[in-house]
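J.: This is the structure, below, for whatever I ask next.
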Amino acid sequence: MKFLRRGACRWLVVLALGLAGHASAADAIPAATTLWTYDFAHTTASSSPALSPDGTIYQATFDGHLLALTPAGRLRWQFTTGTELEIKSSPAIGDDGTIYFGARDRKCYAVTPGGRLKWAFTTGAWVDASPAVAADGTIYFGGWDKTFYALNPAGALKWSLPIGAVMVSSPAIAADGTIYFGAFDKNLYALTPDGKLKWRFATGAEIAASPAIGADGTIYVPSLDGNLYAVRPDGTERWRFRCGSYTEASPVLDAAGNVFVPGVVVAGDYAEYQVTPAGQGRAAGGLACPVEVAAVAVAGQVYWSRPWRSLQAFTPDPASALNSSVAWEADAIANLSTSPVVGPDGLVYFTANGRLYAVRPPGPGLPLAASTWPMFRANPRHTGRVKTN
């Protein structure tokens with residue numbers, strides 16, 4: 001079940017293919033090399049892959065499996081959840097290698113690096129949000145039972161807080177331990193590590209995306225009211241930027257603090273936005289689809305999802321985002337279904353067309369941007385914890 005229906009991109013595809021047909025050989029875009037693909041066998045994925053420091057790729061599938069794949073794309077093991085099998089939550093990897101994720105059988109799971117169940121914590125409804133893992137090992141998440149949870153590494157409840165609204169927004173943990181997340185009651189919440197409400201900030205509609213945190217502590221979150229909000233750590237608004245009618249995609253930041261987020265400008269028409277730390281924004285050029293998929297900021301480039309071309313790498317033009325050049329593309333002839341992940345070697349992992357792809361960009365692989373939040377869930381392990389060094 002999706003909170004919003006995905007907008008149609010069919011006419012955009014026709015336009016893109018038509019333009020491509022008029023391109024000369026000199027205009028050909030360099031292609032990334034597909035190293036391998038892993039077929040999900042008649043299912044799909046709605047959660048982003050997570051990367052372990054040892055190179056293992058963890059991918060949850062919509063038929064209720066957590067897969068562990070080797071760096072060569074071979075199945076290492078498979079873990080199966082309960083009766084309502086769907087998984088939308090993206091895995092998060094703890095410092096000890098434990099993999100945490102939520103599922104629609106109403107549980108939050110902890111699985112060992114060897115694929116064995118460590119524990120399962122039962123809630124009152126679906127858990128679609130991705131867990132965040134604090135420096136002390138605490139696991140934070142909210143769910144469809146309208147309650148926010150904090151569990152210790154052994155799976156015992158530390159505390160819970162009734163929010164009164166569904167949460168699919170994954171938590172973000174600041175350097176001081178403050179936990180930020182959005183909810184369907186249109187509020188952005190800030191909680192202390194011991195579960196006390198610090199503040200809530202009202203937007204104009206539900207919040208489905210996950211917040212990102214800047215170097216100065218500013219929290220960036222889009223609302224389904226079509227605005228990207230910048231909120232100070234004290235809960236006051238810095239600015240808001242209009243990026244269309246809605247977006248479910250989580251924002252990412254580059255080394256300069258620019259915020260990148262896609263959005264819908266009119267029904268069925270998608271655009272990518274680049275917003276400065278001061279709140280000055282502009283369309284970043286091209287077409288983006290769908291709006292659930294976050295970008296990735298790497299050193300000097302931004303990776304965006306493209307309609308029916310999967311992924312393209314843009315080199316931003318400081319003078320005009322509309323003149324940004326396409327550095328390369330990875331073509332799976334399908335839309336991305338989850339946010340891409342970049343490993344320390346520059347390899348890119350994403351899901352599309354019922355498969356997990358591992359691709360190598362042309363030339364040397366670029367590292368993630370020296371940013372506090374360069375990708376979905378902040379880092380390849382998806383801890384949802386701000387980078388502080």
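Please note that chains go A, B, ... in the order of the structure tokens, that every chain numbers its residues from 1, and that ligands are numbered from 1 in the order shown.
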Do you know which residues are at most 10 Å from Pro344 (chain A) counting only C-alpha atoms, after dropping those on the same chain fewer than 6 positions away, and could you put them as an mmCIF file with N, CA and C atoms, in the first residue's frame?

T.:
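selection-v2.cif written:
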data_model
loop_
_atom_site.group_PDB
_atom_site.id
_atom_site.type_symbol
_atom_site.label_atom_id
_atom_site.label_comp_id
_atom_site.auth_asym_id
_atom_site.auth_seq_id
_atom_site.Cartn_x
_atom_site.Cartn_y
_atom_site.Cartn_z
ATOM 1 N N LEU A 51 24.664 -1.068 2.937
ATOM 2 C CA LEU A 51 25.967 -1.675 2.731
ATOM 3 C C LEU A 51 26.705 -1.825 4.047
ATOM 4 N N PRO A 53 30.246 -2.549 6.182
ATOM 5 C CA PRO A 53 31.665 -2.260 5.937
ATOM 6 C C PRO A 53 32.428 -3.430 5.333
ATOM 7 N N GLY A 55 31.393 -5.202 2.940
ATOM 8 C CA GLY A 55 30.993 -5.319 1.548
ATOM 9 C C GLY A 55 29.677 -6.029 1.312
ATOM 10 N N GLY A 365 35.598 5.897 -9.434
ATOM 11 C CA GLY A 365 34.393 6.077 -8.642
ATOM 12 C C GLY A 365 34.535 7.239 -7.681
ATOM 13 N N LEU A 366 33.510 8.066 -7.603
ATOM 14 C CA LEU A 366 33.558 9.238 -6.742
ATOM 15 C C LEU A 366 33.041 8.900 -5.350
ATOM 16 N N PRO A 367 33.702 9.406 -4.308
ATOM 17 C CA PRO A 367 33.212 9.177 -2.949
ATOM 18 C C PRO A 367 31.997 10.049 -2.660
ATOM 19 N N LEU A 368 31.269 9.692 -1.618
ATOM 20 C CA LEU A 368 30.172 10.542 -1.185
ATOM 21 C C LEU A 368 30.678 11.943 -0.866
ATOM 22 N N PRO A 380 25.896 4.779 3.935
ATOM 23 C CA PRO A 380 25.573 3.481 3.322
ATOM 24 C C PRO A 380 24.996 2.458 4.291
#

J.: Quick one: of A:Ala294, A:Tyr246, A:Asp185, A:Lys198, who's nearest to Asp234 (chain A), counting only C-alpha atoms?

T.: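 So, comparing all the options, the nearest one is A:Lys198.
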
J.: Could you tell me which of A:Pro316, A:Lys387, A:Ala297, A:Gln78 comes closest to Gly346 (chain A) if we count only C-alpha atoms?

T.: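 Among A:Pro316, A:Lys387, A:Ala297, A:Gln78, it is A:Ala297 that comes nearest to Gly346 (chain A).
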
J.: Which residues of region 74-120 of chain A come within 6 Å of region 126-139 of chain A, and for each one, what is the closest pair of atoms and their distance in Å to one decimal, counting only C-alpha atoms, sorted by chain and residue number, as a Markdown table?

T.:
| residue | atom | partner | partner_atom | distance |
| --- | --- | --- | --- | --- |
| A:Lys88 | CA | A:Asp128 | CA | 5.2 |
| A:Ser89 | CA | A:Ser130 | CA | 4.6 |
| A:Ser90 | CA | A:Ser130 | CA | 5.0 |
| A:Gly102 | CA | A:Val127 | CA | 4.9 |
| A:Ala103 | CA | A:Val127 | CA | 5.2 |
| A:Arg104 | CA | A:Trp126 | CA | 4.3 |
| A:Arg106 | CA | A:Trp126 | CA | 4.6 |

J.: Set the distance at 10 Å and use only C-alpha atoms: which residues neighbour Val259 (chain A) once local chain neighbours fewer than 4 positions away are removed? I'd like the list as a ChimeraX atom specification.

T.: /A:212,214,220,228,230,251-255,273-277,279,281,295,297,373-374

J.: Name the residues in contact with Tyr109 (chain A) at a cut-off of 8 Å, using only C-alpha atoms, excluding same-chain residues fewer than 3 positions from it; report them as a VMD selection string.

T.: chain A and resid 99 to 103 117 to 121

J.: Pull C-alpha atoms from the residues just selected and write them as a tab-separated table (two decimals), in the first residue's frame.

T.:
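Output contents, as saved in out-v5.tsv:
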chain	number	residue	atom	x	y	z
A	99	ILE	CA	20.67	-5.55	10.75
A	100	TYR	CA	17.48	-3.79	11.88
A	101	PHE	CA	14.32	-3.31	9.83
A	102	GLY	CA	10.56	-3.06	10.19
A	103	ALA	CA	7.90	-5.13	8.46
A	117	LEU	CA	17.00	-13.91	14.18
A	118	LYS	CA	18.39	-11.99	17.13
A	119	TRP	CA	15.01	-10.66	18.31
A	120	ALA	CA	11.69	-9.32	17.05
A	121	PHE	CA	9.75	-6.56	18.81

J.: Could you pull out the strand (DSSP E or B) residues of region 104-335 of chain A, going by DSSP on the backbone, and write them as a VMD selection string?

T.: chain A and resid 107 to 111 117 to 122 132 to 133 139 to 142 147 to 151 157 to 162 172 to 173 179 to 182 187 to 191 197 to 202 212 to 213 219 to 222 227 to 231 237 to 242 246 252 to 253 259 to 266 269 to 275 281 to 283 296 to 298 301 to 306 310 to 315 325 to 330

J.: Give the answer as one residue: which of A:Gly257, A:Gly155, A:Pro361, A:Pro49 has the shortest atom-to-atom distance to Cys108 (chain A), using only C-alpha atoms?

T.: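 The shortest atom-to-atom distance to Cys108 (chain A) comes from A:Gly155.
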
J.: Set the distance at 10 Å and use only C-alpha atoms: which residues neighbour region 350-355 of chain A once local chain neighbours fewer than 2 positions away are removed? I'd like the list as a count of residues only.

T.: 37

J.: I'd like to know which of A:Gly97, A:Pro362, A:Pro193, A:Gly384 is closest to Pro171 (chain A), using only C-alpha atoms.

T.: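 Nearest to Pro171 (chain A): A:Gly384.
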
J.: Just the residues within 9 Å of Asp105 (chain A), please, counting only C-alpha atoms, with nothing from its chain fewer than 4 positions along; format it as a list of chain:residue names.

T.: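 My reading of the contact set: A:Thr81, A:Gly82, A:Thr83, A:Glu84, A:Leu85, A:Glu86, A:Ile87, A:Thr122, A:Thr123, A:Ala125, A:Trp126, A:Val127.
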
J.: Restricted to N, CA and C atoms, what would the selected residues look like written as a PDB file, in the first residue's frame?

T.:
ATOM      1  N   THR A  81      10.346 -13.096   7.086  1.00  0.00           N
ATOM      2  CA  THR A  81       9.540 -12.556   8.183  1.00  0.00           C
ATOM      3  C   THR A  81       8.274 -13.367   8.354  1.00  0.00           C
ATOM      4  N   GLY A  82       7.234 -12.747   8.968  1.00  0.00           N
ATOM      5  CA  GLY A  82       6.039 -13.479   9.365  1.00  0.00           C
ATOM      6  C   GLY A  82       4.945 -13.537   8.330  1.00  0.00           C
ATOM      7  N   THR A  83       3.702 -13.450   8.777  1.00  0.00           N
ATOM      8  CA  THR A  83       2.554 -13.773   7.938  1.00  0.00           C
ATOM      9  C   THR A  83       2.192 -12.673   6.944  1.00  0.00           C
ATOM     10  N   GLU A  84       2.164 -11.398   7.378  1.00  0.00           N
ATOM     11  CA  GLU A  84       1.960 -10.283   6.443  1.00  0.00           C
ATOM     12  C   GLU A  84       3.337  -9.879   5.955  1.00  0.00           C
ATOM     13  N   LEU A  85       3.696 -10.344   4.774  1.00  0.00           N
ATOM     14  CA  LEU A  85       5.108 -10.449   4.436  1.00  0.00           C
ATOM     15  C   LEU A  85       5.771  -9.160   3.982  1.00  0.00           C
ATOM     16  N   GLU A  86       5.024  -8.152   3.559  1.00  0.00           N
ATOM     17  CA  GLU A  86       5.645  -7.020   2.878  1.00  0.00           C
ATOM     18  C   GLU A  86       6.625  -6.263   3.766  1.00  0.00           C
ATOM     19  N   ILE A  87       7.740  -5.845   3.153  1.00  0.00           N
ATOM     20  CA  ILE A  87       8.725  -4.996   3.823  1.00  0.00           C
ATOM     21  C   ILE A  87       8.926  -3.744   2.979  1.00  0.00           C
ATOM     22  N   THR A 122       7.322  -6.679  18.795  1.00  0.00           N
ATOM     23  CA  THR A 122       5.991  -6.558  18.215  1.00  0.00           C
ATOM     24  C   THR A 122       5.350  -5.218  18.560  1.00  0.00           C
ATOM     25  N   THR A 123       4.825  -4.544  17.546  1.00  0.00           N
ATOM     26  CA  THR A 123       4.094  -3.288  17.715  1.00  0.00           C
ATOM     27  C   THR A 123       2.620  -3.543  17.404  1.00  0.00           C
ATOM     28  N   ALA A 125       0.922  -2.288  14.657  1.00  0.00           N
ATOM     29  CA  ALA A 125       0.542  -2.122  13.248  1.00  0.00           C
ATOM     30  C   ALA A 125       1.804  -2.199  12.392  1.00  0.00           C
ATOM     31  N   TRP A 126       1.638  -1.925  11.091  1.00  0.00           N
ATOM     32  CA  TRP A 126       2.768  -1.962  10.167  1.00  0.00           C
ATOM     33  C   TRP A 126       3.919  -1.077  10.642  1.00  0.00           C
ATOM     34  N   VAL A 127       5.137  -1.496  10.311  1.00  0.00           N
ATOM     35  CA  VAL A 127       6.332  -0.670  10.523  1.00  0.00           C
ATOM     36  C   VAL A 127       6.975  -0.464   9.153  1.00  0.00           C
TER      37      VAL A 127
END

J.: Kindly indicate which residue among A:Ser52, A:Thr388, A:Thr33, A:Asn152 lies nearest to Gly343 (chain A), using only C-alpha atoms for the distances.

T.: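 Checking each candidate against Gly343 (chain A), we get A:Ser52 as the closest.
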
J.: If we count only C-alpha atoms and set the cut-off at 8 Å, which residues sit around Ala183 (chain A), ignoring sequence neighbours fewer than 5 positions away in its own chain? Please answer as a PDB file with C-alpha atoms, in the first residue's frame.

T.:
ATOM      1  CA  ALA A 165      -0.618   9.971  13.973  1.00  0.00           C
ATOM      2  CA  VAL A 166       0.829   7.433  11.553  1.00  0.00           C
ATOM      3  CA  MET A 167       4.582   7.648  10.952  1.00  0.00           C
ATOM      4  CA  VAL A 168       6.291   6.446   7.769  1.00  0.00           C
ATOM      5  CA  SER A 169       8.982   9.147   8.048  1.00  0.00           C
ATOM      6  CA  LEU A 188       7.873  17.618  12.429  1.00  0.00           C
ATOM      7  CA  TYR A 189       8.800  16.294  15.882  1.00  0.00           C
ATOM      8  CA  GLU A 206       1.359  15.213   6.058  1.00  0.00           C
ATOM      9  CA  ILE A 207       5.078  14.431   6.194  1.00  0.00           C
ATOM     10  CA  ALA A 208       6.065  11.166   4.499  1.00  0.00           C
TER      11      ALA A 208
END

J.: Go through A:Thr192, A:Gly114, A:Phe260, A:Arg200 and flag the residue nearest Trp77 (chain A), using only C-alpha atoms for the distances.

T.: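 Result for the nearest residue to Trp77 (chain A): A:Gly114.
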